[in-house]
$ cat run26.txt   # compact mmCIF, C-alpha atoms
# COMPACT_ATOMS: atom_id res chain seq x y z
CA MET A 200 75.26 87.30 71.17
CA ALA A 201 73.46 85.57 74.04
CA THR A 202 73.11 87.35 77.38
CA ILE A 203 71.76 86.63 80.86
CA SER A 204 70.32 89.49 82.86
CA ALA A 205 68.56 89.84 86.19
CA TYR A 206 65.25 91.62 86.75
CA GLN A 207 62.87 92.15 89.63
CA SER A 208 59.48 90.45 89.58
CA ALA A 209 56.59 90.25 92.03
CA ASN A 210 58.05 87.00 93.27
CA GLY A 211 61.59 88.31 93.73
CA ARG A 212 64.78 88.32 91.69
CA ARG A 213 64.57 86.47 88.40
CA TYR A 214 66.80 85.97 85.34
CA ARG A 215 66.21 86.40 81.63
CA VAL A 216 68.07 84.67 78.78
CA ARG A 217 68.33 86.52 75.48
CA TYR A 218 69.63 84.71 72.39
CA ARG A 219 69.25 84.50 68.61
CA THR A 220 67.35 81.72 66.87
CA PRO A 221 68.98 79.82 63.96
CA ASP A 222 67.21 82.21 61.57
CA ARG A 223 68.80 85.17 63.42
CA ARG A 224 65.66 86.36 65.18
CA GLN A 225 66.09 87.81 68.70
CA THR A 226 64.13 85.97 71.38
CA ASP A 227 64.23 85.42 75.12
CA LYS A 228 63.05 83.22 77.95
CA ARG A 229 62.50 84.58 81.40
CA GLY A 230 61.50 83.35 84.85
CA PHE A 231 64.67 81.50 85.94
CA THR A 232 65.08 81.58 89.74
CA SER A 233 68.88 81.43 89.66
CA LYS A 234 71.68 82.49 87.33
CA ARG A 235 72.96 78.89 87.22
CA GLU A 236 69.56 77.67 86.01
CA ALA A 237 69.60 80.32 83.28
CA GLU A 238 73.12 79.31 82.27
CA ARG A 239 72.13 75.66 81.98
CA TYR A 240 69.20 76.60 79.76
CA LEU A 241 71.42 78.77 77.54
CA ALA A 242 73.93 75.91 77.24
CA SER A 243 71.16 73.52 76.17
CA VAL A 244 70.00 76.02 73.55
CA SER A 245 73.53 76.32 72.16
CA VAL A 246 73.93 72.54 71.93
CA ALA A 247 70.51 72.15 70.25
CA LYS A 248 71.37 74.86 67.70
CA ASP A 249 74.71 73.23 66.91
CA LYS A 250 73.00 69.85 66.36
CA GLY A 251 70.16 71.32 64.33
CA GLU A 252 67.67 70.18 66.98
CA TRP A 253 66.52 73.55 68.25
CA ILE A 254 62.76 73.90 68.74
CA ASP A 255 61.04 77.28 68.68
CA PRO A 256 59.21 77.40 72.05
CA THR A 257 56.58 79.76 70.70
CA LEU A 258 55.38 77.09 68.24
CA ALA A 259 54.82 74.67 71.10
CA ARG A 260 52.32 76.97 72.79
CA ILE A 261 49.52 75.99 70.43
CA SER A 262 46.78 74.04 72.22
CA VAL A 263 46.19 70.34 71.70
CA ASN A 264 42.68 71.16 70.49
CA ALA A 265 43.91 73.50 67.76
CA TRP A 266 46.77 71.22 66.72
CA SER A 267 44.55 68.12 66.62
CA GLN A 268 42.39 69.81 63.98
CA VAL A 269 45.52 70.55 61.92
CA TRP A 270 46.53 66.89 62.31
CA LEU A 271 43.09 65.61 61.30
CA SER A 272 42.93 67.89 58.25
CA ALA A 273 46.33 66.62 57.11
CA HIS A 274 44.98 63.06 56.93
CA SER A 275 42.81 63.61 53.88
CA ASN A 276 43.94 60.25 52.49
CA LEU A 277 42.13 58.34 55.23
CA LYS A 278 38.86 56.56 54.57
CA PRO A 279 35.84 58.59 55.77
CA THR A 280 35.11 55.81 58.25
CA THR A 281 38.59 56.00 59.77
CA ARG A 282 38.56 59.80 59.85
CA GLY A 283 35.15 59.69 61.50
CA ALA A 284 36.43 57.31 64.16
CA TYR A 285 39.44 59.57 64.86
CA ALA A 286 37.22 62.65 65.10
CA TRP A 287 34.91 60.86 67.53
CA ILE A 288 37.82 59.78 69.77
CA LEU A 289 39.15 63.34 69.79
CA LYS A 290 35.78 64.76 70.75
CA LYS A 291 34.89 62.07 73.29
CA HIS A 292 38.17 61.45 75.10
CA ILE A 293 41.09 63.67 74.09
CA ILE A 294 39.73 67.21 73.82
CA PRO A 295 37.91 67.12 77.21
CA ARG A 296 41.21 66.26 78.94
CA TRP A 297 43.90 67.88 76.78
CA GLY A 298 42.09 70.43 74.61
CA ARG A 299 43.26 73.56 76.43
CA VAL A 300 46.74 72.25 77.25
CA ALA A 301 49.68 73.55 75.20
CA LEU A 302 51.64 70.93 73.28
CA ILE A 303 54.78 71.63 75.29
CA ASP A 304 52.92 71.07 78.56
CA VAL A 305 51.80 67.51 77.72
CA THR A 306 54.18 65.35 79.74
CA HIS A 307 54.86 61.63 79.65
CA THR A 308 53.91 61.31 83.34
CA ALA A 309 50.57 63.05 82.80
CA VAL A 310 49.75 60.88 79.77
CA GLN A 311 50.58 57.72 81.73
CA ALA A 312 48.29 58.79 84.58
CA TRP A 313 45.50 59.56 82.09
CA VAL A 314 45.83 56.19 80.36
CA THR A 315 45.70 54.44 83.74
CA GLU A 316 42.55 56.39 84.56
CA LEU A 317 40.94 55.48 81.25
CA SER A 318 41.64 51.81 81.95
CA ASP A 319 39.18 51.94 84.85
CA SER A 320 36.24 52.62 82.54
CA LEU A 321 37.25 51.44 79.06
CA ALA A 322 38.21 48.08 77.63
CA PRO A 323 41.96 47.60 76.99
CA SER A 324 41.44 47.66 73.22
CA SER A 325 39.54 50.97 73.48
CA VAL A 326 42.26 52.52 75.64
CA ARG A 327 44.82 51.54 73.04
CA LYS A 328 42.80 53.18 70.26
CA VAL A 329 42.53 56.43 72.23
CA HIS A 330 46.27 56.37 72.91
CA VAL A 331 47.01 55.81 69.21
CA VAL A 332 45.12 58.99 68.29
CA LEU A 333 46.79 61.20 70.90
CA SER A 334 50.17 59.73 70.01
CA GLY A 335 49.49 60.50 66.33
CA VAL A 336 48.69 64.13 67.16
CA MET A 337 51.89 64.52 69.17
CA LYS A 338 54.04 62.68 66.62
CA TYR A 339 52.85 65.11 63.96
CA ALA A 340 53.95 67.97 66.23
CA VAL A 341 57.41 66.40 66.52
CA ARG A 342 57.66 66.19 62.73
CA ASP A 343 56.70 69.86 62.48
CA ARG A 344 59.44 70.67 65.01
CA ARG A 345 57.01 72.06 67.56
CA ILE A 346 58.04 69.73 70.39
CA PRO A 347 61.30 67.80 70.80
CA ARG A 348 59.79 64.38 71.53
CA ASN A 349 56.50 62.50 71.71
CA PRO A 350 55.28 62.31 75.33
CA CYS A 351 53.14 59.28 74.41
CA ASP A 352 56.15 57.12 73.59
CA GLY A 353 56.81 54.41 76.14
CA VAL A 354 53.46 54.74 77.91
CA ARG A 355 52.45 51.44 79.49
CA LEU A 356 49.17 50.30 77.96
CA PRO A 357 46.70 47.71 79.31
CA ARG A 358 47.19 44.23 77.96
CA VAL A 359 44.51 42.92 75.62
CA ALA A 360 43.70 39.39 76.72
CA GLU A 361 43.19 36.89 73.94
CA SER A 362 39.59 35.79 73.92
CA ASP A 363 38.53 32.32 72.91
CA ARG A 364 37.62 32.58 69.25
CA GLY A 365 34.41 30.77 68.39
CA TYR A 366 34.33 28.44 65.38
CA LEU A 367 31.10 26.75 64.32
CA THR A 368 30.83 23.40 62.59
CA PRO A 369 28.79 23.15 59.36
CA GLU A 370 26.01 21.48 61.37
CA GLN A 371 25.97 24.34 63.89
CA VAL A 372 25.84 26.86 61.06
CA ASP A 373 22.77 25.04 59.70
CA GLU A 374 21.04 25.16 63.09
CA LEU A 375 21.89 28.81 63.66
CA ALA A 376 20.67 29.74 60.18
CA ALA A 377 17.37 27.96 60.80
CA LEU A 378 16.93 29.76 64.12
CA CYS A 379 17.62 33.13 62.43
CA ALA A 380 14.96 32.65 59.73
CA PRO A 381 13.90 34.54 57.67
CA SER A 382 17.47 35.90 57.75
CA SER A 383 19.07 32.51 57.17
CA THR A 384 20.90 33.66 54.03
CA VAL A 385 22.75 36.29 56.06
CA ILE A 386 24.15 33.57 58.34
CA TYR A 387 25.14 31.29 55.48
CA LEU A 388 26.80 34.10 53.51
CA LEU A 389 28.89 35.28 56.47
CA ALA A 390 29.85 31.74 57.50
CA TYR A 391 30.86 30.57 54.02
CA THR A 392 32.47 33.70 52.54
CA GLY A 393 34.07 35.45 55.52
CA LEU A 394 32.68 38.87 54.64
CA ARG A 395 32.83 41.48 57.37
CA TRP A 396 29.43 42.68 58.54
CA GLY A 397 29.89 46.09 56.92
CA GLU A 398 30.84 44.47 53.62
CA MET A 399 27.77 42.25 53.67
CA ALA A 400 25.46 45.12 54.63
CA ALA A 401 26.83 47.27 51.77
CA LEU A 402 26.54 44.50 49.15
CA LYS A 403 24.47 45.60 46.14
CA VAL A 404 22.77 43.43 43.56
CA LYS A 405 25.16 44.59 40.83
CA ARG A 406 28.07 43.18 42.83
CA LEU A 407 26.78 39.62 42.50
CA ASP A 408 27.84 37.32 39.68
CA LEU A 409 25.65 34.26 40.17
CA GLY A 410 27.04 32.54 37.09
CA ARG A 411 30.67 32.65 38.26
CA ARG A 412 29.64 32.44 41.93
CA ARG A 413 31.56 35.57 42.88
CA LEU A 414 30.92 38.56 45.14
CA ASP A 415 32.61 41.84 44.24
CA VAL A 416 33.47 43.45 47.59
CA ALA A 417 33.90 47.12 46.69
CA GLU A 418 32.03 49.00 49.44
CA ALA A 419 31.53 48.77 53.16
CA ILE A 420 29.66 50.60 55.90
CA THR A 421 30.72 51.38 59.45
CA GLU A 422 29.02 53.01 62.41
CA PRO A 423 31.83 54.53 64.51
CA THR A 424 29.58 57.21 66.01
CA GLY A 425 26.20 55.55 65.51
CA ALA A 426 25.70 57.14 62.07
CA ILE A 427 26.17 55.03 58.94
CA LEU A 428 29.29 55.89 56.97
CA TRP A 429 29.92 54.51 53.49
CA GLY A 430 33.44 53.80 52.31
CA THR A 431 35.76 51.22 50.82
CA PRO A 432 36.54 47.89 52.47
CA LYS A 433 39.21 47.71 55.15
CA ASN A 434 42.72 48.49 53.84
CA HIS A 435 40.99 49.88 50.70
CA GLU A 436 41.17 46.32 49.36
CA ARG A 437 38.56 45.63 46.70
CA ARG A 438 38.38 41.87 46.16
CA SER A 439 36.45 39.08 44.49
CA VAL A 440 35.14 36.45 46.90
CA PRO A 441 33.84 33.02 45.82
CA PHE A 442 30.73 31.50 47.37
CA PRO A 443 29.56 27.84 47.45
CA ALA A 444 27.07 26.67 44.83
CA PHE A 445 24.37 25.95 47.43
CA LEU A 446 24.14 29.70 48.09
CA THR A 447 23.22 30.51 44.49
CA GLU A 448 19.48 29.91 44.82
CA MET A 449 19.35 31.67 48.19
CA LEU A 450 21.01 34.78 46.78
CA GLN A 451 18.87 34.63 43.66
CA ALA A 452 15.75 34.67 45.83
CA GLN A 453 17.22 37.50 47.91
CA CYS A 454 17.69 39.64 44.79
CA ALA A 455 14.34 38.89 43.17
CA GLY A 456 12.54 42.05 42.07
CA LYS A 457 15.42 44.37 43.01
CA SER A 458 17.29 46.78 40.76
CA ARG A 459 21.05 46.59 40.33
CA GLU A 460 21.63 49.52 42.70
CA GLU A 461 19.56 48.11 45.56
CA LEU A 462 21.04 46.36 48.59
CA VAL A 463 20.94 42.58 48.69
CA PHE A 464 20.19 42.56 52.44
CA THR A 465 18.06 45.12 54.23
CA SER A 466 16.24 45.58 57.52
CA PRO A 467 12.50 44.81 57.73
CA ASP A 468 11.94 48.51 56.95
CA GLY A 469 14.09 48.35 53.83
CA ASP A 470 17.00 50.28 55.37
CA VAL A 471 20.64 49.29 55.80
CA LEU A 472 20.93 46.14 57.90
CA ARG A 473 22.63 47.25 61.12
CA SER A 474 24.61 44.84 63.24
CA GLY A 475 23.23 46.11 66.54
CA ASN A 476 19.62 45.82 65.43
CA PHE A 477 20.19 42.37 63.93
CA ARG A 478 21.74 41.09 67.12
CA ARG A 479 18.98 42.52 69.28
CA ARG A 480 16.09 41.35 67.09
CA THR A 481 17.38 38.02 65.79
CA PHE A 482 20.88 36.82 66.54
CA THR A 483 21.01 36.90 70.35
CA ALA A 484 17.83 34.87 70.80
CA ALA A 485 18.97 32.33 68.19
CA VAL A 486 22.34 31.86 69.92
CA THR A 487 20.63 31.49 73.30
CA GLU A 488 18.43 28.71 71.94
CA LEU A 489 21.35 27.02 70.20
CA ARG A 490 23.34 27.10 73.45
CA ARG A 491 20.38 25.54 75.26
CA ARG A 492 20.58 22.66 72.80
CA GLN A 493 24.39 22.57 72.83
CA PRO A 494 25.77 23.74 76.21
CA ASN A 495 29.36 23.55 74.93
CA LEU A 496 28.71 26.04 72.13
CA PRO A 497 31.56 28.61 72.02
CA ALA A 498 30.86 32.28 72.63
CA ILE A 499 29.89 33.70 69.26
CA THR A 500 28.93 37.01 67.71
CA PRO A 501 28.13 37.85 64.08
CA HIS A 502 31.88 38.44 63.60
CA SER A 503 32.50 34.85 64.74
CA LEU A 504 30.97 33.75 61.43
CA ARG A 505 33.96 35.33 59.66
CA HIS A 506 36.25 33.18 61.80
CA THR A 507 34.05 30.20 61.03
CA ALA A 508 34.52 30.82 57.30
CA ALA A 509 38.30 30.78 57.78
CA SER A 510 38.03 27.55 59.78
CA LEU A 511 35.87 25.83 57.18
CA ALA A 512 38.13 26.95 54.33
CA ILE A 513 41.31 25.78 56.06
CA SER A 514 39.82 22.44 57.06
CA SER A 515 38.78 21.99 53.41
CA GLY A 516 42.40 22.33 52.30
CA ALA A 517 42.57 26.01 51.32
CA SER A 518 46.06 27.52 51.26
CA VAL A 519 47.14 30.48 53.37
CA LEU A 520 47.15 32.71 50.27
CA SER A 521 43.61 31.66 49.33
CA VAL A 522 42.29 32.38 52.81
CA GLN A 523 44.09 35.73 52.82
CA ARG A 524 42.49 36.74 49.53
CA MET A 525 39.06 35.54 50.61
CA LEU A 526 39.13 37.46 53.89
CA GLY A 527 40.84 40.56 52.51
CA HIS A 528 43.77 40.48 54.93
CA ALA A 529 46.64 42.86 54.23
CA SER A 530 49.12 39.98 54.03
CA ALA A 531 49.44 36.22 54.30
CA ALA A 532 51.51 36.79 57.44
CA MET A 533 48.49 38.42 59.05
CA THR A 534 46.32 35.44 58.15
CA LEU A 535 48.87 33.07 59.68
CA ASP A 536 49.07 35.23 62.80
CA VAL A 537 45.30 35.46 63.30
CA TYR A 538 44.55 31.81 62.54
CA SER A 539 47.75 30.13 63.70
CA ASP A 540 45.72 27.72 65.84
CA LEU A 541 43.89 26.44 62.77
CA PHE A 542 47.04 25.98 60.73
CA GLU A 543 48.58 24.00 63.58
CA ASP A 544 45.88 21.39 62.95
CA ASP A 545 46.78 21.62 59.27
CA LEU A 546 50.37 20.72 60.16
CA ASP A 547 49.12 17.43 61.60
CA ALA A 548 47.58 16.64 58.22
CA VAL A 549 50.91 17.48 56.56
CA ALA A 550 52.71 15.05 58.88
CA ASP A 551 50.16 12.32 58.11
CA ALA A 552 50.55 12.92 54.37
CA LEU A 553 54.34 12.72 54.65
CA ASN A 554 54.01 9.53 56.65
CA ASN A 555 51.78 7.94 54.01
CA ARG A 556 54.24 8.99 51.32
CA ALA A 557 57.16 7.48 53.23
CA LEU A 558 55.38 4.15 53.72
CA LYS A 559 55.31 3.71 49.94
CA THR A 560 59.13 3.92 49.75
CA ASN A 561 62.00 1.86 51.12
CA VAL A 562 61.38 3.42 54.53
CA GLY A 563 58.04 1.66 54.66
CA LYS A 564 59.55 -1.61 53.43
CA LEU A 565 62.31 -1.39 55.99
CA TRP A 566 59.97 -1.20 58.94
CA ALA A 567 57.50 -3.61 57.40
CA ASN A 568 60.20 -6.39 57.28
CA PRO A 569 61.80 -6.58 60.75
CA SER A 570 63.77 -9.74 59.77
CA ASN A 571 65.78 -7.73 57.26
CA SER A 572 66.21 -4.70 59.51
CA LYS A 573 69.94 -5.25 60.10
CA THR A 574 70.65 -5.62 56.40
CA HIS A 575 68.60 -2.56 55.50
CA THR A 576 70.15 -0.56 58.32
CA ALA A 577 73.66 -1.38 57.14
CA GLU A 578 72.76 -0.50 53.56
CA THR A 579 71.17 2.73 54.70
CA VAL A 580 74.27 3.70 56.67
CA LEU A 581 76.53 2.94 53.68
CA GLU A 582 74.31 4.95 51.35
CA THR A 583 74.16 7.84 53.80
CA THR A 584 77.94 7.80 54.27
CA SER A 585 78.51 7.78 50.52
CA ASP A 586 76.10 10.67 50.07
CA GLN A 587 77.99 12.75 52.62
CA HIS A 588 81.21 12.44 50.57
CA ILE A 589 79.62 13.47 47.29

$ encode --input "run26.txt" --output "structure tokens"
Amino acid sequence: MATISAYQSANGRRYRVRYRTPDRRQTDKRGFTSKREAERYLASVSVAKDKGEWIDPTLARISVNAWSQVWLSAHSNLKPTTRGAYAWILKKHIIPRWGRVALIDVTHTAVQAWVTELSDSLAPSSVRKVHVVLSGVMKYAVRDRRIPRNPCDGVRLPRVAESDRGYLTPEQVDELAALCAPSSTVIYLLAYTGLRWGEMAALKVKRLDLGRRRLDVAEAITEPTGAILWGTPKNHERRSVPFPAFLTEMLQAQCAGKSREELVFTSPDGDVLRSGNFRRRTFTAAVTELRRRQPNLPAITPHSLRHTAASLAISSGASVLSVQRMLGHASAAMTLDVYSDLFEDDLDAVADALNNRALKTNVGKLWANPSNSKTHTAETVLETTSDQHI
């Protein structure tokens, strides 16, 4: 049976609530400054027990640091690259602020203030990634019935502004490739296949089928903490990507003298080709020169070549499903969402095609012979009326 009793503390008269947990264990909570406050707490406990929502307060005293390690260990199904990124975010941003705090003491207000503070020094997209990790840790605690709710829910996050996505024309790809020599093949491959940088850098000779003009994308590298991590492609999606015939000789030359297990592309030292080094040594200077020649050149990065590949494929008549498979998107809906601006142009082509088709029918004849317009209009109305009664 639950009881409320008074006791004397260093700070004056206080009240203690004693009650039994759902598993019949005796427990208590002390420190209430008034009997009414203790009664309200006891009433809330009774309601929670009746609803099956009671949370053992002792379980919520574990620190965020300790619980985050439990959470990370439970995600053994994650790719090493993703796990590495989560571990880095925990170490860099979450543990310094929340490590010693008990789960139950993490409040929505405090999380909101922290996110606002992070926004002063981090990009909106980075803030969102940090929030996702902390929210994941707290959500796992809710599932384990350690805390009643996730304090990260409903936190206002900084808006990620849509940046202008850069698409290059085939002529601009040619110029950029020439300026990046002797790494021209890297530019052409990225711009005409849509591989992610990590997929291109992890490409091995054995993954090339020059006869069928296919690339087997089965591995990828990432550098979430500066160290190279090997793993599967994003979404664990292994895929076969076609490449244009003009790339065959370039890739053949790139693989000359290499064993099947060697990388197709490497740094000048023969190591993995890193994006940061490539940009610093080759790409940035080439883009600067290209912009000098073409002042209206869009802002581009090596990742822009993936967008360029999508643009070139769509403008060549590729379907949404084909582009999705080429790029390795999780769904066709994602492809439509990311490249909706390109498919809007494609809709214009659809309208033109429908117009050309219509001109070959009676619609075209109708408008091509204005003298007979009344007759045709009357016939059209009669036909339409008859159709409606069928």

$ atom_distance --input "run26.txt" --atom1 "atom CA of A:Ile499" --atom2 "atom CA of A:Lys403"
26.6 Å

$ residues_around --input "run26.txt" --residues "A:Lys291" --least-positions-apart "4" --cutoff "12 Å" --atoms "all atoms listed in the file" --output "ChimeraX atom specification"
/A:284-287,295-298,317,329,332,423-424

$ residues_around --input "run26.txt" --residues "A:Arg282" --least-positions-apart "6" --cutoff "10 Å" --atoms "all atoms listed in the file" --output "VMD selection string"
chain A and resid 271 to 272 274 to 276 288 423

$ closest_residue --input "run26.txt" --among "A:Lys278, A:Arg411, A:Arg395, A:His330" --to "A:Pro501" --atoms "all atoms listed in the file"
A:Arg395

$ residues_around --input "run26.txt" --residues "A:Ala377" --least-positions-apart "3" --cutoff "12 Å" --atoms "only C-alpha atoms" --output "count of residues only"
19

$ atom_distance --input "run26.txt" --atom1 "atom CA of A:Arg213" --atom2 "atom CA of A:Val305"
25.2 Å

$ closest_residue --input "run26.txt" --among "A:Ala340, A:Val522, A:Leu558, A:Val216" --to "A:Ser262" --atoms "only C-alpha atoms"
A:Ala340

$ closest_residue --input "run26.txt" --among "A:Ala529, A:Gly425, A:Val300, A:His506" --to "A:Ser267" --atoms "all atoms listed in the file"
A:Val300

$ closest_residue --input "run26.txt" --among "A:Phe445, A:Trp266, A:Phe464, A:Tyr538" --to "A:Ser514" --atoms "all atoms listed in the file"
A:Tyr538

$ closest_residue --input "run26.txt" --among "A:Pro357, A:Gly410, A:Pro256, A:Gly397" --to "A:Leu321" --atoms "all atoms listed in the file"
A:Pro357

$ residues_around --input "run26.txt" --residues "A:Gln311" --least-positions-apart "5" --cutoff "8 Å" --atoms "all atoms listed in the file" --output "list in words"
Cys351, Val354 and Arg355 of chain A

$ closest_residue --input "run26.txt" --among "A:Lys234, A:Gly393, A:Ala205, A:Glu460" --to "A:His528" --atoms "all atoms listed in the file"
A:Gly393

$ atom_distance --input "run26.txt" --atom1 "atom CA of A:Arg413" --atom2 "atom CA of A:Ala426"
29.5 Å

$ residues_around --input "run26.txt" --residues "A:Ser233" --least-positions-apart "4" --cutoff "10 Å" --atoms "only C-alpha atoms" --output "VMD selection string"
chain A and resid 205 212 to 215 237 to 238

$ axis_aligned_box --input "run26.txt" --around "stretch 310-324 of chain A" --padding-each-side "8 Å" --output "lines of an AutoDock Vina configuration file"
center_x = 43.4
center_y = 54.2
center_z = 79.0
size_x = 30.3
size_y = 29.3
size_z = 27.6
